[in-house]
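*Asks:* query-v3.cif (mmCIF, C-alpha atoms; chains and numbers go by the auth columns) pasted underneath:
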data_entry
loop_
_atom_site.group_PDB
_atom_site.id
_atom_site.type_symbol
_atom_site.label_atom_id
_atom_site.label_comp_id
_atom_site.label_asym_id
_atom_site.label_seq_id
_atom_site.Cartn_x
_atom_site.Cartn_y
_atom_site.Cartn_z
_atom_site.B_iso_or_equiv
_atom_site.auth_seq_id
_atom_site.auth_asym_id
ATOM 1 C CA MET A 1 5.717 18.016 21.932 0.00 15 A
ATOM 2 C CA SER A 2 8.565 15.672 21.041 0.00 16 A
ATOM 3 C CA GLU A 3 7.629 13.579 24.083 0.00 17 A
ATOM 4 C CA LEU A 4 4.056 13.253 22.790 0.00 18 A
ATOM 5 C CA THR A 5 5.386 12.213 19.377 0.00 19 A
ATOM 6 C CA ALA A 6 7.535 9.539 21.009 0.00 20 A
ATOM 7 C CA LEU A 7 4.593 8.381 23.122 0.00 21 A
ATOM 8 C CA ALA A 8 2.423 8.133 19.987 0.00 22 A
ATOM 9 C CA GLY A 9 5.056 5.894 18.411 0.00 23 A
ATOM 10 C CA GLU A 10 5.174 3.671 21.479 0.00 24 A
ATOM 11 C CA MET A 11 1.386 3.433 21.538 0.00 25 A
ATOM 12 C CA ARG A 12 1.324 2.448 17.864 0.00 26 A
ATOM 13 C CA ASP A 13 3.873 -0.303 18.573 0.00 27 A
ATOM 14 C CA VAL A 14 1.779 -1.672 21.459 0.00 28 A
ATOM 15 C CA ILE A 15 -1.393 -1.616 19.367 0.00 29 A
ATOM 16 C CA PHE A 16 0.336 -3.266 16.407 0.00 30 A
ATOM 17 C CA ASP A 17 1.764 -6.033 18.623 0.00 31 A
ATOM 18 C CA ALA A 18 -1.592 -6.649 20.349 0.00 32 A
ATOM 19 C CA VAL A 19 -3.559 -6.778 17.097 0.00 33 A
ATOM 20 C CA SER A 20 -0.922 -9.021 15.503 0.00 34 A
ATOM 21 C CA LYS A 21 -1.254 -11.517 18.353 0.00 35 A
ATOM 22 C CA ASN A 22 -4.968 -11.278 19.163 0.00 36 A
ATOM 23 C CA GLY A 23 -6.608 -9.948 16.022 0.00 37 A
ATOM 24 C CA GLY A 24 -8.724 -6.824 15.906 0.00 38 A
ATOM 25 C CA HIS A 25 -9.041 -3.531 14.076 0.00 39 A
ATOM 26 C CA LEU A 26 -5.642 -2.066 13.265 0.00 40 A
ATOM 27 C CA ALA A 27 -6.191 0.910 10.953 0.00 41 A
ATOM 28 C CA SER A 28 -8.951 2.564 12.955 0.00 42 A
ATOM 29 C CA ASN A 29 -6.863 2.390 16.114 0.00 43 A
ATOM 30 C CA LEU A 30 -3.675 3.700 14.561 0.00 44 A
ATOM 31 C CA GLY A 31 -5.684 6.670 13.309 0.00 45 A
ATOM 32 C CA MET A 32 -6.957 7.420 16.808 0.00 46 A
ATOM 33 C CA VAL A 33 -3.590 7.638 18.606 0.00 47 A
ATOM 34 C CA GLU A 34 -3.003 11.374 18.140 0.00 48 A
ATOM 35 C CA LEU A 35 -6.639 12.216 18.845 0.00 49 A
ATOM 36 C CA THR A 36 -6.523 10.211 22.078 0.00 50 A
ATOM 37 C CA LEU A 37 -3.319 11.920 23.178 0.00 51 A
ATOM 38 C CA ALA A 38 -4.779 15.348 22.380 0.00 52 A
ATOM 39 C CA LEU A 39 -7.960 14.614 24.357 0.00 53 A
ATOM 40 C CA HIS A 40 -5.966 13.447 27.379 0.00 54 A
ATOM 41 C CA TYR A 41 -3.668 16.451 27.100 0.00 55 A
ATOM 42 C CA VAL A 42 -6.540 18.946 27.141 0.00 56 A
ATOM 43 C CA TYR A 43 -9.136 17.303 29.405 0.00 57 A
ATOM 44 C CA ASN A 44 -8.975 15.748 32.878 0.00 58 A
ATOM 45 C CA PHE A 45 -10.070 12.108 32.605 0.00 59 A
ATOM 46 C CA GLY A 46 -8.814 11.221 36.079 0.00 60 A
ATOM 47 C CA PRO A 47 -10.077 8.454 38.346 0.00 61 A
ATOM 48 C CA ILE A 48 -13.827 7.966 38.457 0.00 62 A
ATOM 49 C CA PRO A 49 -15.598 9.418 40.487 0.00 63 A
ATOM 50 C CA PRO A 50 -15.331 12.402 40.647 0.00 64 A
ATOM 51 C CA VAL A 51 -13.689 13.892 37.599 0.00 65 A
ATOM 52 C CA PRO A 52 -14.592 17.066 35.785 0.00 66 A
ATOM 53 C CA ASP A 53 -14.480 15.538 32.284 0.00 67 A
ATOM 54 C CA ARG A 54 -15.739 12.253 30.829 0.00 68 A
ATOM 55 C CA LEU A 55 -14.717 10.394 27.696 0.00 69 A
ATOM 56 C CA LEU A 56 -17.128 8.052 25.939 0.00 70 A
ATOM 57 C CA TRP A 57 -16.165 6.145 22.804 0.00 71 A
ATOM 58 C CA ASP A 58 -19.084 5.174 20.588 0.00 72 A
ATOM 59 C CA VAL A 59 -17.046 2.482 18.827 0.00 73 A
ATOM 60 C CA GLY A 60 -15.020 0.157 21.042 0.00 74 A
ATOM 61 C CA HIS A 61 -12.491 -0.802 18.380 0.00 75 A
ATOM 62 C CA GLN A 62 -11.291 2.807 18.182 0.00 76 A
ATOM 63 C CA SER A 63 -10.513 2.990 21.890 0.00 77 A
ATOM 64 C CA TYR A 64 -7.443 0.721 22.065 0.00 78 A
ATOM 65 C CA SER A 65 -5.101 3.688 22.478 0.00 79 A
ATOM 66 C CA HIS A 66 -7.226 4.994 25.359 0.00 80 A
ATOM 67 C CA LYS A 67 -7.162 1.586 27.078 0.00 81 A
ATOM 68 C CA SER A 68 -3.388 1.076 26.746 0.00 82 A
#
When written as structure tokens, how does the structure in this file appear?
*Replies:*
Amino acid sequence: MSELTALAGEMRDVIFDAVSKNGGHLASNLGMVELTLALHYVYNFGPIPPVPDRLLWDVGHQSYSHKS
């Protein structure tokens, strides 16, 4: 779990740097980091196709952590 905590910190840094340079939604993305890590930890979102699980974000500005 300590590795996931460190990864969450790294992801927050990347998001903060990207939003600082390019603009965008910061708070909503920082709030999604742990959720994104948990989803990827539990489900198999491997290469498409075929994969057993799919992930669909209904709001694009909350998916930065998934894209990074």
*Asks:* Could you please determine the separation between atom CA of A:Arg26 and atom CA of A:Val65 in Å, to one decimal place?
*Replies:*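 These atoms are spaced 27.3 Å apart.
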*Asks:* If the PyMOL selection byres ((chain A and resi 54-57) around 10) were run on this exact file, what residues would it hold? Put them as number ranges by chain.
*Replies:* A: 18, 48-53, 58-60, 65-69, 80
*Asks:* What's the separation between atom CA of A:Asn43 and atom CA of A:Phe30, in Å to one decimal place?
*Replies:* 9.2 Å
*Asks:* Just to confirm, what's the straight-line distance from atom CA of A:Met15 to atom CA of A:His39 in Å (one decimal)?
*Replies:*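 Distance reported for this atom pair: 27.3 Å.
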*Asks:* Go through A:Trp71, A:Ala20, A:Pro61, A:Ile29 one by one, measure the shortest atom-to-atom distance of each to A:Gly45 using only C-alpha atoms, and give the residue with the smallest value.
*Replies:* A:Ile29
